[in-house]
Amino acid sequence: MELTSAQQNSDKLSIFVSITCALHCLLMPAFLITTSSFIALQIDNEFLHGVMLLIIFPISTFALLTGLFNHNGKISFLSGFIGLIILLYAYFAGEEILGEWGEIIMTLIGSAILVFAHWQNFKLCRDQACDDCHD
């Protein structure tokens, strides 16, 4: 059976965006160091983080809530919620409170937890092979 539900698509999209966010956090300092171009200096990291959170938060919330209601995925929901809280904390605390590396580490931890939660949510839906969430 091909699984094409909104929940599974949102899980996949959230995993992709969370990994993209983590890669951004890891690679942006190296990019800024290796390029001294005017364009590199114009990139606003906080703006990008805000945009990523605006994408991640509603999609993740939808997928995790759907998994909770359709499959009783309490572990996925709880771990995803914790990952989202960590990402929000990293964004709002920022470099001023956490320091540059603290913000990066918190973002990576939150992203990893969120990816794990969506992977668990996706796996739970696939393993149960129910008709509730599959189109």
# chains A, B, ... in the order shown; residues from 1 in each chain; ligands from 1
call {"tool": "residues_around", "arguments": {"residues": "region 71-80 of chain A", "least_positions_apart": "5", "cutoff": "7 Å", "atoms": "only C-alpha atoms", "output": "PyMOL selection string"}}
result
chain A and resi 64-65+113-114+117-118+120-121+125
call {"tool": "closest_residue", "arguments": {"among": "A:Ile59, A:Phe81, A:Leu88, A:Glu100", "to": "Phe16 (chain A)", "atoms": "only C-alpha atoms"}}
result
A:Ile59
call {"tool": "atom_distance", "arguments": {"atom1": "CA of Leu54 (chain A)", "atom2": "CA of Trp101 (chain A)"}}
result
22.4 Å
call {"tool": "closest_residue", "arguments": {"among": "A:Gly67, A:Gly94, A:Gly50, A:Gly99", "to": "Trp119 (chain A)", "atoms": "only C-alpha atoms"}}
result
A:Gly67
